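Engineer: Sharing final06.cif (mmCIF, C-alpha atoms and all ligand atoms) below.
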data_coords
loop_
_atom_site.label_atom_id
_atom_site.label_comp_id
_atom_site.auth_asym_id
_atom_site.auth_seq_id
_atom_site.Cartn_x
_atom_site.Cartn_y
_atom_site.Cartn_z
CA MET L 481 107.08 153.61 89.38
CA ILE L 482 107.21 156.62 87.02
CA TYR L 483 109.29 156.88 83.82
CA GLY L 484 111.77 159.30 85.42
CA GLU L 485 112.42 156.99 88.37
CA ILE L 486 113.02 153.84 86.33
CA LEU L 487 115.39 155.76 84.03
CA LYS L 488 117.36 157.01 87.02
CA LYS L 489 117.51 153.62 88.76
CA GLY L 490 118.34 151.83 85.51
CA SER L 491 121.14 154.19 84.49
CA ASN L 492 122.67 154.12 88.00
CA PHE L 493 122.66 150.32 87.87
CA LEU L 494 124.45 150.27 84.50
CA LYS L 495 126.84 153.02 85.57
CA LYS L 496 127.80 151.10 88.71
CA ASN L 497 128.70 148.14 86.51
CA LYS L 498 130.74 150.35 84.14
CA ILE L 499 128.47 149.89 81.14
CA LYS L 500 129.10 152.52 78.46
CA ASN L 501 126.35 155.06 77.61
CA PRO L 502 124.11 154.19 80.60
CA TYR L 503 121.72 157.15 80.16
CA LEU L 504 121.16 156.70 76.45
CA ASP L 505 120.80 152.93 76.77
CA VAL L 506 118.10 153.02 79.45
CA GLU L 507 116.14 155.55 77.40
CA LEU L 508 116.42 153.28 74.36
CA ILE L 509 115.36 150.26 76.44
CA LEU L 510 112.34 152.07 77.85
CA SER L 511 111.42 153.28 74.41
CA LYS L 512 111.50 149.64 73.18
CA VAL L 513 109.38 148.46 76.13
CA LEU L 514 106.76 151.20 75.74
CA LYS L 515 106.94 151.29 71.91
CA LYS L 516 107.30 155.06 72.17
CA LYS L 517 109.87 157.53 70.87
CA ARG L 518 112.52 158.72 73.37
CA GLU L 519 111.21 162.30 73.04
CA GLU L 520 107.73 161.12 74.05
CA ILE L 521 109.15 159.45 77.14
CA ILE L 522 111.03 162.57 78.19
CA LEU L 523 107.89 164.66 77.73
CA ASN L 524 105.90 162.25 79.97
CA ILE L 525 108.56 161.71 82.62
CA ASN L 526 105.98 161.61 85.49
CA LYS L 527 103.78 158.98 83.91
CA ASP L 528 103.31 155.64 85.70
CA LEU L 529 104.58 152.34 84.30
CA LYS L 530 102.54 149.12 84.28
CA SER L 531 104.09 146.25 86.25
CA ALA L 532 104.40 144.15 83.06
CA ASP L 533 106.47 146.94 81.50
CA ILE L 534 108.70 147.15 84.58
CA SER L 535 109.43 143.42 84.24
CA LYS L 536 110.27 143.78 80.54
CA PHE L 537 112.51 146.76 81.30
CA LYS L 538 114.38 144.74 83.96
CA HIS L 539 114.86 141.84 81.55
CA TYR L 540 116.49 144.09 78.90
CA LEU L 541 118.46 145.99 81.54
CA PHE L 542 120.01 142.76 82.82
CA ARG L 543 120.94 141.79 79.26
CA ARG L 544 122.67 145.16 78.78
CA ASN L 545 124.35 144.69 82.14
CA GLN L 546 125.89 141.46 80.77
CA ASN L 547 127.51 143.67 78.07
CA GLU L 548 125.10 142.59 75.34
CA PRO L 549 125.25 145.37 72.72
CA ILE L 550 122.23 147.67 72.68
CA ALA L 551 121.70 146.96 68.93
CA TYR L 552 121.06 143.27 69.71
CA ILE L 553 118.69 144.14 72.56
CA LEU L 554 116.76 146.62 70.42
CA GLY L 555 117.00 144.29 67.41
CA PHE L 556 118.02 146.99 64.96
CA LYS L 557 120.67 149.52 64.01
CA TYR L 558 120.58 152.50 61.66
CA PHE L 559 123.18 152.47 58.86
CA TRP L 560 123.52 154.97 56.00
CA LYS L 561 119.88 156.05 55.51
CA HIS L 562 118.08 152.92 56.69
CA LYS L 563 117.16 150.71 59.60
CA PHE L 564 118.62 147.17 59.64
CA LEU L 565 117.50 144.23 61.73
CA THR L 566 120.40 142.92 63.79
CA ASN L 567 120.83 139.86 65.96
CA LYS L 568 123.77 137.88 67.32
CA SER L 569 124.26 136.12 63.96
CA VAL L 570 125.51 139.30 62.30
CA LEU L 571 128.06 142.01 62.94
CA ILE L 572 126.38 145.23 64.06
CA PRO L 573 126.68 147.70 61.15
CA ARG L 574 129.33 150.33 61.99
CA PRO L 575 129.37 154.03 61.03
CA ASP L 576 132.92 153.55 59.64
CA THR L 577 131.55 151.08 57.08
CA GLU L 578 129.41 153.86 55.60
CA LEU L 579 132.68 154.97 54.01
CA VAL L 580 132.55 151.87 51.78
CA VAL L 581 129.06 152.89 50.62
CA GLU L 582 130.16 156.49 50.07
CA GLU L 583 133.25 155.52 48.03
CA THR L 584 131.41 152.84 46.02
CA LEU L 585 128.68 155.27 44.97
CA LYS L 586 131.34 157.41 43.26
CA TYR L 587 131.96 154.53 40.85
CA LEU L 588 128.28 153.84 40.15
CA ALA L 589 126.66 156.39 37.86
CA ASN L 590 122.94 156.86 38.51
CA ASN L 591 121.70 155.70 35.13
CA LYS L 592 124.11 152.77 34.59
CA SER L 593 123.46 149.13 35.31
CA LYS L 594 126.57 147.60 36.91
CA LYS L 595 127.09 144.08 38.23
CA ILE L 596 128.09 144.10 41.92
CA LEU L 597 129.24 141.41 44.36
CA ASP L 598 129.25 141.92 48.16
CA VAL L 599 131.55 139.45 49.92
CA GLY L 600 130.65 138.75 53.58
CA THR L 601 127.35 140.58 53.49
CA GLY L 602 126.39 140.03 57.17
CA SER L 603 123.21 142.03 57.81
CA GLY L 604 123.26 143.11 54.14
CA CYS L 605 123.74 146.73 55.21
CA ILE L 606 126.26 147.66 52.48
CA ILE L 607 124.61 146.07 49.46
CA ILE L 608 121.07 147.07 50.49
CA SER L 609 122.19 150.70 51.00
CA LEU L 610 123.89 150.66 47.58
CA ILE L 611 120.96 149.17 45.67
CA LYS L 612 118.58 151.60 47.36
CA GLU L 613 120.74 154.39 45.85
CA ARG L 614 121.40 152.69 42.49
CA PRO L 615 118.35 150.53 41.69
CA LYS L 616 119.49 149.81 38.11
CA CYS L 617 122.46 147.74 39.30
CA SER L 618 122.29 143.98 39.69
CA ALA L 619 123.65 142.51 42.90
CA THR L 620 124.79 139.28 44.49
CA ALA L 621 125.69 139.04 48.16
CA ILE L 622 127.47 136.07 49.69
CA ASP L 623 128.28 134.97 53.22
CA ILE L 624 129.79 131.84 54.73
CA SER L 625 127.19 132.01 57.52
CA ILE L 626 123.69 130.77 56.68
CA LYS L 627 122.33 132.64 59.70
CA ALA L 628 123.79 135.90 58.37
CA ILE L 629 122.31 135.22 54.92
CA ASN L 630 118.88 134.77 56.54
CA VAL L 631 119.19 138.12 58.37
CA ALA L 632 120.33 139.82 55.13
CA LYS L 633 117.36 138.34 53.25
CA THR L 634 114.97 139.63 55.93
CA ASN L 635 116.54 143.07 55.65
CA ALA L 636 116.26 143.00 51.85
CA LYS L 637 112.56 142.18 52.21
CA LEU L 638 112.12 144.99 54.72
CA HIS L 639 113.51 147.37 52.09
CA GLN L 640 111.55 145.81 49.17
CA LEU L 641 114.73 144.50 47.55
CA GLU L 642 114.18 140.74 47.94
CA ASN L 643 113.92 140.33 44.14
CA LYS L 644 116.85 142.64 43.38
CA ILE L 645 119.64 141.01 45.40
CA ASN L 646 120.68 137.40 45.00
CA PHE L 647 121.84 136.07 48.41
CA ILE L 648 124.07 132.98 48.48
CA ASN L 649 125.43 131.04 51.43
CA ILE L 650 128.96 130.20 50.28
CA ASP L 651 132.63 130.66 51.19
CA ILE L 652 134.34 133.20 48.88
CA ASP L 653 136.92 130.48 48.20
CA LYS L 654 134.28 128.37 46.47
CA TYR L 655 132.44 131.12 44.60
CA LYS L 656 132.82 130.92 40.81
CA SER L 657 130.46 133.31 39.01
CA SER L 658 132.51 136.09 37.36
CA ASN L 659 132.39 139.23 35.20
CA TYR L 660 131.66 141.69 38.00
CA ASP L 661 132.11 145.43 37.50
CA LEU L 662 132.58 145.96 41.18
CA ILE L 663 133.33 143.86 44.27
CA ILE L 664 132.88 145.28 47.75
CA SER L 665 133.84 143.64 50.99
CA ASN L 666 134.17 144.35 54.67
CA PRO L 667 135.80 141.02 55.59
CA PRO L 668 136.76 139.96 59.11
CA TYR L 669 140.17 141.58 59.64
CA ILE L 670 140.97 141.52 63.39
CA ASN L 671 144.18 139.67 64.30
CA SER L 672 144.30 137.16 67.16
CA ILE L 673 146.01 139.55 69.61
CA GLU L 674 143.57 142.41 68.97
CA LEU L 675 140.66 139.97 69.14
CA ASN L 676 141.45 139.27 72.78
CA ARG L 677 141.70 142.98 73.55
CA LEU L 678 138.30 143.93 72.14
CA ASP L 679 135.63 145.37 74.45
CA ASP L 680 133.50 142.69 76.14
CA ASP L 681 130.44 143.93 74.19
CA ILE L 682 132.14 142.87 70.97
CA LYS L 683 134.32 139.99 72.18
CA PHE L 684 131.58 138.03 73.90
CA HIS L 685 128.58 138.91 71.76
CA GLU L 686 129.41 139.57 68.10
CA PRO L 687 130.10 136.54 65.85
CA LYS L 688 133.78 135.45 65.76
CA LEU L 689 133.25 134.55 62.11
CA ALA L 690 132.61 138.23 61.41
CA LEU L 691 135.63 139.47 63.36
CA SER L 692 138.53 137.07 63.15
CA GLY L 693 140.97 137.45 60.26
CA GLY L 694 143.37 134.81 61.60
CA PHE L 695 146.66 135.35 63.41
CA ASP L 696 147.70 138.36 61.29
CA GLY L 697 144.19 139.59 60.47
CA LEU L 698 144.83 139.20 56.75
CA ARG L 699 143.49 135.68 56.07
CA GLU L 700 140.08 136.71 54.69
CA LEU L 701 141.34 139.92 53.08
CA LYS L 702 143.83 137.83 51.07
CA LYS L 703 141.08 135.41 50.03
CA VAL L 704 138.90 138.29 48.80
CA ILE L 705 141.79 139.86 46.86
CA PHE L 706 142.90 136.56 45.24
CA LYS L 707 139.34 135.69 44.29
CA SER L 708 138.48 139.18 43.02
CA LYS L 709 141.31 138.86 40.52
CA LYS L 710 139.29 136.05 38.90
CA LEU L 711 135.79 137.43 39.42
CA LEU L 712 136.24 141.04 38.27
CA LYS L 713 136.18 142.36 34.71
CA ILE L 714 139.38 144.12 33.58
CA ASN L 715 139.35 147.61 35.13
CA GLY L 716 136.66 146.38 37.55
CA LYS L 717 136.87 147.94 41.02
CA LEU L 718 137.61 146.20 44.31
CA ILE L 719 136.52 148.27 47.30
CA LEU L 720 137.70 146.96 50.65
CA GLU L 721 137.27 147.96 54.26
CA ILE L 722 140.53 147.29 56.14
CA GLY L 723 141.88 147.45 59.67
CA HIS L 724 143.53 150.80 60.38
CA LYS L 725 147.02 149.29 60.57
CA GLN L 726 146.65 147.12 57.45
CA LYS L 727 147.09 149.74 54.72
CA ASN L 728 150.70 148.92 53.76
CA GLN L 729 150.21 145.15 53.84
CA CYS L 730 147.00 145.37 51.81
CA VAL L 731 148.52 147.71 49.22
CA LYS L 732 151.40 145.23 48.83
CA ILE L 733 149.06 142.25 48.37
CA LEU L 734 146.90 144.23 45.93
CA ASN L 735 149.92 145.32 43.88
CA GLU L 736 151.32 141.77 43.84
CA ASN L 737 147.98 140.67 42.43
CA LYS L 738 148.02 143.35 39.70
CA PHE L 739 145.59 145.79 41.26
CA TYR L 740 146.14 149.54 40.82
CA ILE L 741 145.41 151.61 43.94
CA ASN L 742 142.91 154.37 43.11
CA LYS L 743 142.31 155.77 46.55
CA ILE L 744 142.72 155.15 50.28
CA SER L 745 140.15 156.89 52.48
CA LYS L 746 140.15 157.60 56.18
CA ASP L 747 137.31 156.88 58.60
CA LEU L 748 135.60 159.32 60.98
CA SER L 749 138.53 159.14 63.40
CA GLY L 750 141.11 159.80 60.67
CA LYS L 751 142.30 156.19 60.31
CA ASP L 752 142.94 154.47 56.96
CA ARG L 753 139.80 152.40 56.45
CA CYS L 754 138.87 151.92 52.80
CA ILE L 755 140.92 151.01 49.73
CA VAL L 756 139.59 151.44 46.20
CA SER L 757 141.60 149.51 43.61
CA SER L 758 141.26 148.45 39.94
CA LYS L 759 142.04 145.11 38.38
CA LEU L 760 144.68 145.82 35.73
CA GLN L 761 144.83 142.57 33.75
C1 LIG V 1 133.04 142.10 59.23
S1 LIG V 1 131.58 141.21 58.82
C2 LIG V 1 130.84 142.35 57.69
C3 LIG V 1 129.35 142.30 57.64
C4 LIG V 1 128.71 143.43 56.82
N1 LIG V 1 129.16 143.40 55.45
C5 LIG V 1 129.03 144.78 57.44
O1 LIG V 1 129.85 145.50 56.86
O2 LIG V 1 128.47 145.10 58.48
C6 LIG V 1 132.26 139.95 57.79
C7 LIG V 1 131.27 138.94 57.22
O3 LIG V 1 131.99 138.05 56.37
C8 LIG V 1 131.52 136.72 56.54
N2 LIG V 1 132.62 135.82 56.15
C9 LIG V 1 133.71 135.47 56.87
N3 LIG V 1 134.51 134.67 56.17
C10 LIG V 1 133.93 134.51 54.95
C11 LIG V 1 134.27 133.77 53.78
N4 LIG V 1 135.41 133.06 53.72
N5 LIG V 1 133.43 133.82 52.72
C12 LIG V 1 132.29 134.54 52.77
N6 LIG V 1 131.91 135.25 53.86
C13 LIG V 1 132.72 135.24 54.93
C14 LIG V 1 131.13 136.65 58.01
O4 LIG V 1 130.20 135.62 58.24
C15 LIG V 1 130.57 138.07 58.24
O5 LIG V 1 129.17 138.09 58.04
#
Output the file's structure in the form of structure tokens.
Structural biologist:
Amino acid sequence: MIYGEILKKGSNFLKKNKIKNPYLDVELILSKVLKKKREEIILNINKDLKSADISKFKHYLFRRNQNEPIAYILGFKYFWKHKFLTNKSVLIPRPDTELVVEETLKYLANNKSKKILDVGTGSGCIIISLIKERPKCSATAIDISIKAINVAKTNAKLHQLENKINFINIDIDKYKSSNYDLIISNPPYINSIELNRLDDDIKFHEPKLALSGGFDGLRELKKVIFKSKKLLKINGKLILEIGHKQKNQCVKILNENKFYINKISKDLSGKDRCIVSSKLQ
């Protein structure tokens, strides 16, 4: 079978089963199997495949057909300026989360050494992207999931930051070290009703621990806010990713906990997604 034929058969198979992005996904799968760039595949569309490669292709295609996200099948996802290893133990880094990196960088001058904490680091995509940009800062990243911490450590090593970021497997509730200049967090914030309505790709494959924010979606956000009050220096910044309908509730909780709201930014689809606040006292 030639490249062109397997791409056509594969994408028709996915399309028939209503899998999103069938054309792109089969190209990505074939590029993984052949260890070649997509462009190279398209330029050699009449080339023959080995039978071992056809079997590998089928294996990945069936996984995609079960709604497994393409980032888990490929084993990586690009975020900000870098490539991050991803597996089912971590949330797949989202483009919307790049907003947290973008906003945080505004509060980190190039030549200053600030102390940063990342709560719920997952793949480590936020903190690794930040430290790549601001190498003088010192960083700690925590996660309740040991499997996520292991993925984040692997990613830090991949980006030569294993000695720059301190990874700790702990619940934010139990974390005690303080005096941070800046705390960032993209906590799980989906409420129980929305959780059931998520696409199958997410609902059945991404870790619940990374998605579920309890019945109202605010359980972990509240924990991060309460704890940040203790862990931040006065005037330290708390930068949070939030669900697009959580702005008013989060502003209220932040104000009740003596945080001043500096800025609320919208994501790529114009939804409120990131709150920057300062600890007042
Ligand atoms: C939405 S994911 C974010 C992952 C990554 N920071 C990102 O933006 O892609 C939330 C992460 O928080 C972790 N987490 C959930 N509850 C936590 C808690 N109480 N303390 C620390 N980490 C927690 C989850 O294991 C998960 O890795």
Engineer: For ligand LIG 1 (chain V), take all atoms listed in the file, fit an axis-aligned box around them, add 3 Å to each of the six sides, then output centre and edge lengths in Å rounded to one decimal, as JSON.
Structural biologist:
{"center_x": 131.9, "center_y": 139.3, "center_z": 56.0, "size_x": 12.9, "size_y": 18.4, "size_z": 12.5}
Engineer: Tell me, as an NGL selection string, which residues lie within 8 Å of Val631 of chain L, counting only C-alpha atoms; anything in the same chain fewer than 5 positions away does not count.
Structural biologist: :L and (565-567 or 569-570 or 602-604)
Engineer: Output the neighbourhood of ligand LIG 1 (chain V) as number ranges by chain, that is, all protein and nucleic acid residues with some atom at most 9 Å from the ligand, counting all atoms listed in the file.
Structural biologist: L: 569-574, 577-578, 580, 598-607, 622-629, 649-655, 664-670, 687-693, 699-700, 703-704, 721
Engineer: Name the closest residue to Ser511 of chain L among the candidates L:Glu548, L:His562, L:Asn728, L:Leu487; distances are taken between atoms, counting only C-alpha atoms.
Structural biologist: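 Result for the nearest residue to Ser511 of chain L: L:Leu487.
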Engineer: Mind checking which residues fall within 12 Å of Ala551 of chain L, counting only C-alpha atoms, ignoring those fewer than 4 positions away in the same chain, and posting them as a ChimeraX atom specification?
Structural biologist: /L:505,508-509,512,540,543-544,547,555-559,563-568,570-574,681-682,685-686
Engineer: For Ile714 of chain L, list every protein, DNA or RNA residue within 9 Å, evaluated using all atoms listed in the file, and leave out those in the same chain fewer than 5 positions away; present the list as a PDB file with C-alpha atoms, in the coordinates of the input.
Structural biologist:
ATOM      1  CA  ASN L 659     132.390 139.230  35.200  1.00  0.00           C
ATOM      2  CA  ASP L 661     132.110 145.430  37.500  1.00  0.00           C
ATOM      3  CA  LYS L 709     141.310 138.860  40.520  1.00  0.00           C
ATOM      4  CA  SER L 758     141.260 148.450  39.940  1.00  0.00           C
ATOM      5  CA  LYS L 759     142.040 145.110  38.380  1.00  0.00           C
ATOM      6  CA  LEU L 760     144.680 145.820  35.730  1.00  0.00           C
ATOM      7  CA  GLN L 761     144.830 142.570  33.750  1.00  0.00           C
TER       8      GLN L 761
END
Engineer: Could you please determine the separation between atom CA of Asn526 of chain L and atom CA of Gly484 of chain L in Å, to one decimal place?
Structural biologist: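 It comes out at 6.2 Å.
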Engineer: How far is it from atom CA of Asn524 of chain L to atom CA of Lys488 of chain L, in Å with one decimal?
Structural biologist: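 Distance between the two atoms: 14.4 Å.
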